[in-house]
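Here is entry-v5.cif, consisting of mmCIF, C-alpha atoms:
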data_my_file
#
loop_
_atom_site.label_atom_id
_atom_site.label_comp_id
_atom_site.auth_asym_id
_atom_site.auth_seq_id
_atom_site.Cartn_x
_atom_site.Cartn_y
_atom_site.Cartn_z
CA ASN A 1 79.31 100.06 148.11
CA TYR A 2 76.57 102.60 148.80
CA PHE A 3 73.67 100.22 148.06
CA GLN A 4 75.17 97.01 149.42
CA GLN A 5 77.05 95.80 152.46
CA PRO A 6 80.76 95.41 151.62
CA GLN A 7 82.18 91.94 151.94
CA LEU A 8 84.48 91.36 154.90
CA ILE A 9 87.96 90.18 153.92
CA LYS A 10 89.83 87.86 156.23
CA GLU A 11 93.56 87.44 156.29
CA SER A 12 93.22 83.98 154.78
CA ASP A 13 91.25 85.41 151.81
CA PHE A 14 93.56 88.33 151.10
CA LEU A 15 95.72 86.58 148.48
CA LYS A 16 92.64 85.32 146.67
CA PHE A 17 91.21 88.83 146.33
CA MET A 18 94.62 90.22 145.32
CA GLU A 19 94.79 87.79 142.37
CA LYS A 20 91.27 88.77 141.28
CA TYR A 21 91.40 92.54 141.77
CA GLY A 22 95.13 93.29 141.90
CA GLY A 23 96.52 96.03 139.63
CA HIS A 24 95.79 99.67 138.85
CA SER A 25 92.02 99.13 138.81
CA PHE A 26 89.53 97.37 141.05
CA LEU A 27 87.66 96.06 138.00
CA THR A 28 88.16 92.53 136.77
CA LEU A 29 90.49 92.10 133.81
CA SER A 30 87.58 91.41 131.43
CA GLN A 31 85.89 94.66 132.52
CA ALA A 32 89.01 96.85 132.52
CA GLN A 33 89.94 96.22 128.87
CA PRO A 34 87.21 96.32 126.21
CA ALA A 35 87.18 93.52 123.65
CA PHE A 36 88.78 94.54 120.33
CA SER A 37 89.68 92.62 117.21
CA ALA A 38 93.36 91.80 116.69
CA PHE A 39 93.68 94.39 113.90
CA TYR A 40 91.89 97.51 112.74
CA ARG A 41 89.01 96.87 110.37
CA ALA A 42 87.45 99.39 108.01
CA GLY A 43 85.28 101.76 110.02
CA ASP A 44 86.77 100.88 113.41
CA PRO A 45 87.52 103.89 115.65
CA ILE A 46 91.24 104.74 115.84
CA LEU A 47 92.40 104.30 119.41
CA THR A 48 94.51 106.85 121.30
CA TYR A 49 96.08 106.72 124.73
CA PHE A 50 96.83 109.59 127.14
CA ASP A 51 99.77 108.44 129.22
CA ALA A 52 99.52 111.20 131.83
CA SER A 53 95.97 110.25 132.81
CA SER A 54 96.05 106.57 131.68
CA VAL A 55 92.93 107.14 129.57
CA LEU A 56 92.08 105.13 126.45
CA SER A 57 90.20 107.24 123.90
CA THR A 58 89.66 107.61 120.16
CA LEU A 59 90.90 109.98 117.47
CA ARG A 60 88.04 112.35 116.70
CA GLN A 61 86.94 114.31 113.64
CA PRO A 62 84.43 117.11 114.40
CA VAL A 63 81.30 117.22 112.23
CA ARG A 64 78.45 119.70 111.76
CA MET A 65 75.11 119.18 113.44
CA GLY A 66 71.72 120.69 112.66
CA ALA A 67 70.75 123.49 110.30
CA SER A 68 73.20 125.91 111.93
CA GLY A 69 76.14 123.60 111.22
CA LEU A 70 77.66 123.89 114.71
CA CYS A 71 80.63 121.66 115.55
CA VAL A 72 80.13 118.38 117.42
CA ASP A 73 83.45 117.07 118.74
CA GLY A 74 82.43 113.56 119.84
CA ASN A 75 82.52 111.97 116.38
CA PRO A 76 85.22 109.22 116.20
CA ALA A 77 87.37 108.98 113.06
CA GLY A 78 86.94 105.64 111.28
CA PHE A 79 89.86 103.53 110.04
CA LEU A 80 90.25 103.76 106.22
CA ASP A 81 87.39 106.29 106.14
CA SER A 82 89.02 109.21 104.29
CA LYS A 83 86.73 112.24 104.36
CA SER A 84 86.57 116.00 104.88
CA THR A 85 84.19 117.80 107.24
CA SER A 86 83.51 121.42 108.14
CA CYS A 87 81.55 123.08 110.92
CA THR A 88 81.07 126.43 112.65
CA ARG A 89 82.03 127.51 116.17
CA ILE A 90 80.53 130.57 117.89
CA PHE A 91 82.43 132.42 120.64
CA ALA A 92 81.21 135.04 123.08
CA ASN A 93 84.74 136.38 123.44
CA LEU A 94 87.10 135.14 120.72
CA SER A 95 90.20 136.73 122.28
CA LYS A 96 89.68 134.80 125.51
CA SER A 97 88.57 131.58 123.79
CA CYS A 98 91.65 131.63 121.54
CA ILE A 99 93.76 131.06 124.66
CA THR A 100 91.52 128.78 126.75
CA ASP A 101 89.41 126.78 124.27
CA PRO A 102 91.04 123.44 123.27
CA ALA A 103 89.27 123.58 119.88
CA LEU A 104 91.41 126.61 118.98
CA ASP A 105 94.64 125.26 120.45
CA VAL A 106 96.77 123.64 117.75
CA ALA A 107 98.67 121.57 120.32
CA SER A 108 95.49 119.82 121.46
CA TYR A 109 95.33 118.00 118.12
CA TYR A 110 98.68 116.22 118.49
CA ARG A 111 100.31 116.70 121.93
CA ASP A 112 100.35 114.37 124.97
CA PHE A 113 98.64 111.38 123.39
CA THR A 114 99.70 108.27 121.48
CA VAL A 115 98.07 106.51 118.52
CA LEU A 116 97.72 102.72 118.73
CA LYS A 117 99.08 100.80 115.75
CA VAL A 118 96.43 98.07 116.14
CA ASN A 119 93.51 97.34 118.46
CA VAL A 120 95.79 95.86 121.12
CA TRP A 121 98.09 97.41 123.68
CA GLY A 122 101.12 98.28 121.63
CA PHE A 123 101.80 101.99 121.20
CA PHE A 124 103.25 103.49 118.09
CA SER A 125 103.90 107.19 117.96
CA SER A 126 103.63 110.19 120.28
CA PHE A 127 102.72 113.62 119.03
CA GLY A 128 104.59 115.10 121.62
CA SER A 129 97.73 130.48 120.26
CA THR A 130 96.47 131.02 117.14
CA SER A 131 92.95 130.34 115.87
CA HIS A 132 93.20 127.68 113.17
CA LEU A 133 90.99 127.04 110.16
CA LEU A 134 92.18 123.71 108.70
CA VAL A 135 93.38 120.46 110.28
CA ILE A 136 94.62 117.60 108.06
CA TYR A 137 95.52 114.20 109.51
CA GLU A 138 97.48 111.89 107.20
CA ILE A 139 97.73 108.28 108.40
CA GLU A 140 100.07 105.74 106.81
CA PHE A 141 99.18 102.08 107.29
CA ASN A 142 100.53 98.74 106.09
CA SER A 143 98.02 95.89 105.81
CA THR A 144 97.68 93.92 109.07
CA HIS A 145 100.77 95.60 110.53
CA GLY A 146 98.49 98.53 111.36
CA ILE A 147 99.20 102.23 111.46
CA GLN A 148 102.84 103.07 110.65
CA ASN A 149 102.93 106.86 110.77
CA VAL A 150 100.65 109.78 111.62
CA SER A 151 101.21 113.41 110.64
CA VAL A 152 99.08 116.51 111.08
CA GLN A 153 99.07 119.76 109.12
CA PHE A 154 97.52 123.09 110.04
CA LYS A 155 96.52 126.19 108.12
CA VAL A 156 96.06 129.10 110.51
CA THR A 157 94.90 132.68 110.29
CA SER A 158 94.47 135.66 112.59
CA ILE A 159 90.90 136.74 113.40
CA PRO A 160 89.78 139.91 115.23
CA GLY A 161 88.63 139.10 118.77
CA ASN A 162 85.21 140.70 118.61
CA SER A 163 82.38 139.50 120.81
CA GLY A 164 79.93 137.12 119.21
CA SER A 165 82.43 136.04 116.56
CA SER A 166 82.04 132.82 114.58
CA LEU A 167 84.71 130.68 112.97
CA GLN A 168 84.39 127.96 110.36
CA GLN A 169 86.80 125.06 110.76
CA HIS A 170 87.69 122.30 108.29
CA PHE A 171 88.92 118.81 109.18
CA THR A 172 90.37 116.29 106.71
CA LEU A 173 91.42 112.68 107.29
CA HIS A 174 93.57 110.88 104.68
CA PHE A 175 94.75 107.27 104.73
CA TRP A 176 97.83 106.17 102.78
CA VAL A 177 99.13 102.66 102.24
CA SER A 178 102.91 102.21 102.43
CA ALA A 179 104.61 100.11 99.76
CA PRO A 180 107.44 98.15 101.46
CA ILE A 181 109.43 97.74 98.24
CA THR A 182 109.41 101.23 96.76
CA ARG A 183 108.66 103.06 100.03
CA THR A 184 106.24 105.28 98.14
CA LEU A 185 102.76 106.26 99.21
CA THR A 186 99.62 105.73 97.16
CA HIS A 187 96.31 107.20 98.16
CA THR A 188 93.75 104.51 98.91
CA LEU A 189 90.43 105.34 97.27
CA PRO A 190 87.32 103.24 96.86
CA ARG A 191 86.73 102.07 93.31
CA SER A 192 84.18 103.88 91.19
CA GLY A 193 82.88 100.77 89.42
CA ASN A 194 83.85 97.20 88.63
CA PRO A 195 85.26 97.60 86.08
CA GLY A 196 83.21 100.31 84.34
CA TYR A 197 82.23 103.59 85.98
CA ILE A 198 78.93 103.84 87.85
CA VAL A 199 76.83 106.98 87.42
CA GLY A 200 77.37 109.19 90.44
CA ALA A 201 80.75 107.69 91.39
CA PRO A 202 83.71 110.11 91.65
CA LEU A 203 86.12 110.40 88.73
CA LEU A 204 89.60 109.04 89.43
CA ILE A 205 92.65 111.09 88.42
CA ARG A 206 96.39 110.47 88.79
CA ASN A 207 99.04 112.99 89.76
CA ASP A 208 102.67 111.99 90.40
CA GLY A 209 101.57 108.36 90.60
CA ALA A 210 98.94 108.94 93.32
CA ARG A 211 95.23 108.30 92.74
CA GLN A 212 92.84 111.07 93.71
CA HIS A 213 89.33 112.32 93.00
CA MET A 214 88.75 115.02 90.40
CA THR A 215 87.47 118.21 92.04
CA ILE A 216 86.36 121.66 90.92
CA LEU A 217 85.91 125.05 92.58
CA GLN A 218 83.31 125.49 95.32
CA SER A 219 81.85 128.74 96.62
CA GLN A 220 81.36 129.79 100.23
CA GLY A 221 78.43 131.62 101.81
CA ASP A 222 79.73 134.99 100.60
CA VAL A 223 80.14 133.65 97.00
CA SER A 224 83.94 133.73 97.33
CA CYS A 225 85.98 130.72 96.23
CA SER A 226 86.71 128.36 99.11
CA GLN A 227 90.39 127.76 99.82
CA PHE A 228 89.82 124.31 101.29
CA LEU A 229 86.56 122.77 100.04
CA ARG A 230 85.98 121.65 96.45
CA HIS A 231 83.16 119.83 94.66
CA GLN A 232 83.73 116.22 93.61
CA VAL A 233 83.17 115.50 89.91
CA GLN A 234 80.79 112.55 89.59
CA PHE A 235 80.66 110.34 86.52
CA GLY A 236 77.77 110.99 84.15
CA ARG A 237 76.53 114.15 85.91
CA ASN A 238 77.00 117.51 84.24
CA MET A 239 77.96 120.30 86.63
CA LYS A 240 78.41 124.06 86.67
CA THR A 241 79.85 126.04 89.56
CA GLY A 242 80.82 129.67 90.06
CA CYS A 243 82.61 131.77 92.64
CA LYS A 244 84.65 134.97 92.97
CA LEU A 245 88.38 135.01 93.66
CA SER A 246 90.13 137.94 95.32
CA LEU A 247 93.00 139.48 93.33
CA SER A 248 94.22 141.95 95.95
CA GLN A 249 97.23 139.93 97.08
CA MET A 250 98.05 138.79 93.54
CA LEU A 251 98.15 142.34 92.20
CA GLU A 252 100.58 143.32 94.93
CA GLU A 253 102.97 140.38 94.53
CA GLY A 254 103.24 139.69 90.84
CA ASP A 255 102.83 140.55 87.19
CA CYS A 256 100.51 139.16 84.50
CA SER A 257 102.26 135.79 84.29
CA TYR A 258 102.09 135.38 88.06
CA ILE A 259 98.35 136.10 88.12
CA GLN A 260 97.74 133.65 85.28
CA GLN A 261 99.52 130.82 87.09
CA LYS A 262 97.62 131.54 90.30
CA LEU A 263 94.28 131.38 88.50
CA TYR A 264 95.23 128.14 86.73
CA LYS A 265 96.22 126.74 90.11
CA ALA A 266 92.90 127.83 91.62
CA PHE A 267 90.98 126.00 88.88
CA GLN A 268 93.02 122.79 89.19
CA GLY A 269 93.38 122.72 92.98
CA THR A 270 96.44 121.83 95.02
CA ASN A 271 96.88 118.55 93.12
CA GLY A 272 96.38 119.12 89.41
CA ALA A 273 95.15 116.23 87.29
CA GLU A 274 97.58 114.67 84.81
CA ASP A 275 95.76 111.46 83.82
CA LEU A 276 92.16 110.29 84.01
CA ALA A 277 91.20 106.71 84.84
CA ILE A 278 89.52 104.90 81.94
CA ILE A 279 87.66 102.50 84.24
CA GLY A 280 86.52 102.66 87.85
CA THR A 281 89.05 100.07 89.06
CA ALA A 282 92.13 101.64 87.46
CA ARG A 283 95.39 101.06 89.31
CA SER A 284 98.00 103.78 89.36
CA THR A 285 100.69 101.34 88.15
CA GLN A 286 98.75 100.17 85.07
CA ALA A 287 99.49 102.72 82.32
CA GLU A 288 96.94 101.21 79.90
CA GLN A 289 94.12 102.02 82.34
CA TRP A 290 94.75 105.79 82.17
CA THR A 291 94.34 108.46 79.50
CA THR A 292 96.22 111.76 79.39
CA ILE A 293 94.07 114.86 79.93
CA LEU A 294 94.43 117.35 77.09
CA ILE A 295 94.90 120.94 78.30
CA ARG A 296 94.24 124.05 76.18
CA ASN A 297 95.50 127.17 77.93
CA CYS A 298 94.94 130.82 77.01
CA SER A 299 97.11 133.21 75.05
CA VAL A 300 99.59 135.19 77.11
CA GLN A 301 98.76 138.73 76.11
CA ALA A 302 95.57 140.64 75.33
CA MET A 303 95.16 142.36 71.98
CA ASN A 304 94.96 146.18 71.83
CA CYS A 305 95.33 146.63 75.59
CA THR A 306 98.65 147.61 77.12
CA SER A 307 97.40 147.53 80.73
CA CYS A 308 95.47 144.27 80.43
CA CYS A 309 96.26 140.63 81.11
CA MET A 310 94.52 137.63 79.53
CA VAL A 311 93.45 135.47 82.47
CA PRO A 312 91.38 132.26 82.58
CA VAL A 313 87.85 132.87 83.84
CA THR A 314 86.10 129.69 82.66
CA LEU A 315 87.20 126.07 82.68
CA GLU A 316 85.28 123.57 80.55
CA ILE A 317 86.02 119.94 81.40
CA GLN A 318 84.86 117.89 78.43
CA ILE A 319 84.71 114.12 78.95
CA LEU A 320 83.93 111.59 76.19
CA TRP A 321 82.83 108.12 77.22
CA SER A 322 81.12 105.03 75.82
CA LYS A 323 79.75 101.68 76.88
CA GLU A 324 81.82 98.60 76.04
CA GLY A 325 81.29 94.86 76.31
CA LEU A 326 78.18 92.71 76.19
CA LEU A 327 74.74 94.14 75.49
CA SER A 328 73.48 92.35 78.58
CA ASN A 329 76.06 94.03 80.86
CA PRO A 330 77.71 97.07 79.21
CA GLN A 331 80.55 98.80 81.09
CA ALA A 332 81.07 102.57 80.98
CA GLN A 333 84.60 103.58 79.98
CA ILE A 334 86.16 106.99 79.41
CA LEU A 335 87.61 107.61 75.95
CA SER A 336 89.19 111.06 76.32
CA ALA A 337 89.11 114.24 78.41
CA GLN A 338 90.05 117.87 77.82
CA TYR A 339 90.54 120.97 79.96
CA PHE A 340 89.51 123.93 77.82
CA TYR A 341 90.15 127.38 79.34
CA GLN A 342 88.33 130.50 78.19
CA CYS A 343 90.03 133.82 78.91
CA GLN A 344 89.14 137.48 79.16
CA PRO A 345 91.32 140.59 79.39
CA LEU A 346 91.73 141.78 82.96
CA LYS A 347 92.42 145.45 83.74
CA PHE A 348 94.73 145.58 86.73
CA LEU A 349 93.35 148.78 88.21
CA SER A 350 89.63 148.16 87.73
CA MET A 351 88.97 144.77 89.37
CA SER A 352 89.62 143.39 92.85
CA MET A 353 87.45 140.25 92.44
CA VAL A 354 87.31 138.04 89.34
CA PRO A 355 84.37 135.65 88.75
CA LEU A 356 85.43 132.09 87.91
CA THR A 357 83.20 129.45 86.33
CA THR A 358 83.71 125.70 85.93
CA VAL A 359 81.60 123.54 83.60
CA VAL A 360 81.75 119.74 83.40
CA THR A 361 80.05 117.91 80.51
CA PHE A 362 79.84 114.19 79.75
CA THR A 363 79.24 113.08 76.14
CA ASP A 364 78.08 109.53 75.39
CA MET A 365 79.88 108.19 72.28
CA THR A 366 78.44 104.67 72.40
CA GLU A 367 77.83 103.04 68.98
CA TRP A 368 75.15 100.41 69.44
CA PRO A 369 75.12 97.43 67.03
CA GLU A 370 72.26 97.00 64.56
CA PRO A 371 69.71 94.57 66.06
CA PRO A 372 68.08 91.88 63.86
CA ARG A 373 64.80 92.91 62.19
CA GLY A 374 61.73 90.96 61.04
CA GLN A 375 60.92 87.25 61.30
CA PRO A 376 63.51 84.52 60.60
CA LYS A 377 63.62 83.26 56.98
CA THR A 378 64.05 79.66 55.86
CA TYR A 379 67.36 80.43 54.16
CA TRP A 380 68.87 82.06 57.28
CA LYS A 381 71.71 80.11 58.80
CA LEU A 382 72.48 79.47 62.41
CA PRO A 383 72.17 80.89 65.03
CA PHE A 384 68.90 82.45 63.78
CA ASP A 385 67.31 79.06 62.82
CA PHE A 386 68.31 75.91 64.66
CA PHE A 387 66.27 73.70 62.25
CA PHE A 388 67.96 75.04 59.11
CA PRO A 389 69.89 71.80 58.28
CA PHE A 390 66.72 69.71 58.56
CA LYS A 391 64.78 72.11 56.33
CA VAL A 392 67.52 71.97 53.72
CA ALA A 393 67.44 68.16 53.72
CA LEU A 394 63.64 68.11 53.32
CA THR A 395 63.77 70.72 50.57
CA GLU A 396 66.39 68.74 48.62
CA GLU A 397 64.38 65.49 49.01
CA ARG A 398 61.25 67.25 47.72
CA ASN A 399 63.13 68.61 44.72
CA TYR A 400 64.60 65.17 44.03
CA ARG A 401 61.11 63.56 43.90
CA ASP A 402 59.89 66.28 41.55
CA ASP A 403 62.83 65.64 39.22
CA LEU A 404 62.14 61.87 39.10
CA ALA A 405 58.47 62.42 38.24
CA GLY A 406 59.41 64.73 35.39
CA LEU A 407 61.96 62.21 34.05
CA PHE A 408 59.40 59.37 34.03
CA LEU A 409 56.94 61.55 32.12
CA VAL A 410 59.51 62.33 29.42
CA ILE A 411 60.42 58.63 29.06
CA LEU A 412 56.73 57.67 28.72
CA ILE A 413 56.16 60.26 25.97
CA LEU A 414 59.27 59.17 24.03
CA SER A 415 58.31 55.50 24.26
CA ARG A 416 54.90 56.13 22.81
CA ILE A 417 56.40 58.08 19.91
CA PHE A 418 58.92 55.36 19.03
CA CYS A 419 56.28 52.60 19.38
CA PHE A 420 54.10 54.17 16.73
#
Show how you would write the structure in this file as structure tokens.
Amino acid sequence: NYFQQPQLIKESDFLKFMEKYGGHSFLTLSQAQPAFSAFYRAGDPILTYFDASSVLSTLRQPVRMGASGLCVDGNPAGFLDSKSTSCTRIFANLSKSCITDPALDVASYYRDFTVLKVNVWGFFSSFGSTSHLLVIYEIEFNSTHGIQNVSVQFKVTSIPGNSGSSLQQHFTLHFWVSAPITRTLTHTLPRSGNPGYIVGAPLLIRNDGARQHMTILQSQGDVSCSQFLRHQVQFGRNMKTGCKLSLSQMLEEGDCSYIQQKLYKAFQGTNGAEDLAIIGTARSTQAEQWTTILIRNCSVQAMNCTSCCMVPVTLEIQILWSKEGLLSNPQAQILSAQYFYQCQPLKFLSMSMVPLTTVVTFTDMTEWPEPPRGQPKTYWKLPFDFFFPFKVALTEERNYRDDLAGLFLVILILSRIFCF
């Protein structure tokens, strides 16, 4: 009312204004509640509600901004938009910020707010100091019934509280569709082609019945192997990555077999691949649309070395594929795939870091049919010559006339001979 004279309210008008402006807010009903669709649509922001302050907000996924990669916290998470992001935070005093900064408080990512099942007022689930590195939201939804369950996981670590410290954080958002009959979860992924693979689309793998993307090791700024981020394998694009993995903790906790299993696990990731999708629209329940990945591991022991251990240092992912179908619209399909590990002897006392390499190669096995050569001939049959039947009829008629002429000539010669 600073720029205008407030309207005087008489006793007779009081009930009228109460009906228009009555409630917790002095805004009209159309202004107080934003217009939303009845259900979440792909890309819509996921709504949250803070009961203590009666504030409607959105679930957010921080992203990096600019060349420095600093965190921007205002980015809303989109419905059905599964993705991973990472960014860097810089602190003048990490010890103090670890206690006061909400970005480093684990509870701020799940406590005191509620997630809305759909884009209407019907609440679903309430979520209820150590610096953290990884935040994973997993959201279960069921068609138009909306969001059914939300869970959050954290991976934390202790960091020295030096001044001017920086911390890299990773945020992951996964969407899962609930199957009402089997009550199992299947990871919803966009298709990689329809039906054949498209060059540049991620390869689809299956592990314990769940569809995922094939990934390989990724290095960080210090050339060490990242614990959280991995490169996506894209169809038709050869790749080669390298990084160094620390063995300090492995050497303290286990023997040769333990180290081997840890390195295999590092190559394969948290969810190892069992099957590879033949086409880009493969469903996890259709067994004929998947091919088993062949795995060739290393020998257990090194030759002529009592203090050595044969460990995998290189993984070659060999993928054979071909184009199937019509020449006018061929579809790329995978024929077979193999994980081939190359090993080297590792001396326990001489190495604290082991270099790991991953190579992905795609081999085209397409056998193209022999195309027709030269100009069509008169004796070729359909479909090369549509007029073949007519040519045959004309050729036979011409031959028939030639035969009649020859017969008349013979009769004429014989008649002359007998007449004389």
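Comparing the minimum interatomic distances between A:His145 and each of A:Tyr40, A:Gly196, A:Leu247, A:Met365, counting all atoms listed in the file, we find that A:Tyr40 sits nearest.
The point (80.2, 135.0, 103.5) has these residues within 12 Å of it, counting all atoms listed in the file: Ser166, Leu167, Gln168, Ser219, Gln220, Gly221, Asp222, Val223, Ser224, Cys225, Ser226, Cys243 and Lys244 of chain A.
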Written as JSON, numbers by chain, which residues does the PyMOL selection byres ((chain A and resi 42) around 12) give for the file shown? {"A": [37, 39, 40, 41, 43, 44, 45, 46, 77, 78, 79, 80, 81, 82, 143, 144, 146, 175, 190]}
Atom pair atom CA of A:Asp255 / atom CA of A:Leu229: separation (Å): 27.3 Å
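For the atom pair formed by atom CA of A:Ile278 and atom CA of A:Arg230, the distance is 22.4 Å, given to one decimal.
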Since I can't run it myself right now, could you work out what the PyMOL selection byres ((chain A and resi 324-327) around 12) selects here and report it as an MDAnalysis selection string? chainID A and resid 195:197 278:279 321:323 328:335 364:371
Quote the spacing between atom CA of A:Leu276 and atom CA of A:Val360 in Å to one decimal place.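 Between atom CA of A:Leu276 and atom CA of A:Val360 the gap works out to 14.1 Å.
A distance cut-off of 7 Å around (95.6, 106.0, 114.3), counting all atoms listed in the file, selects these protein and nucleic acid residues: Ile46, Leu47, Leu59, Val115, Leu116, Lys117, Ile139, Ile147 and Val150 of chain A.
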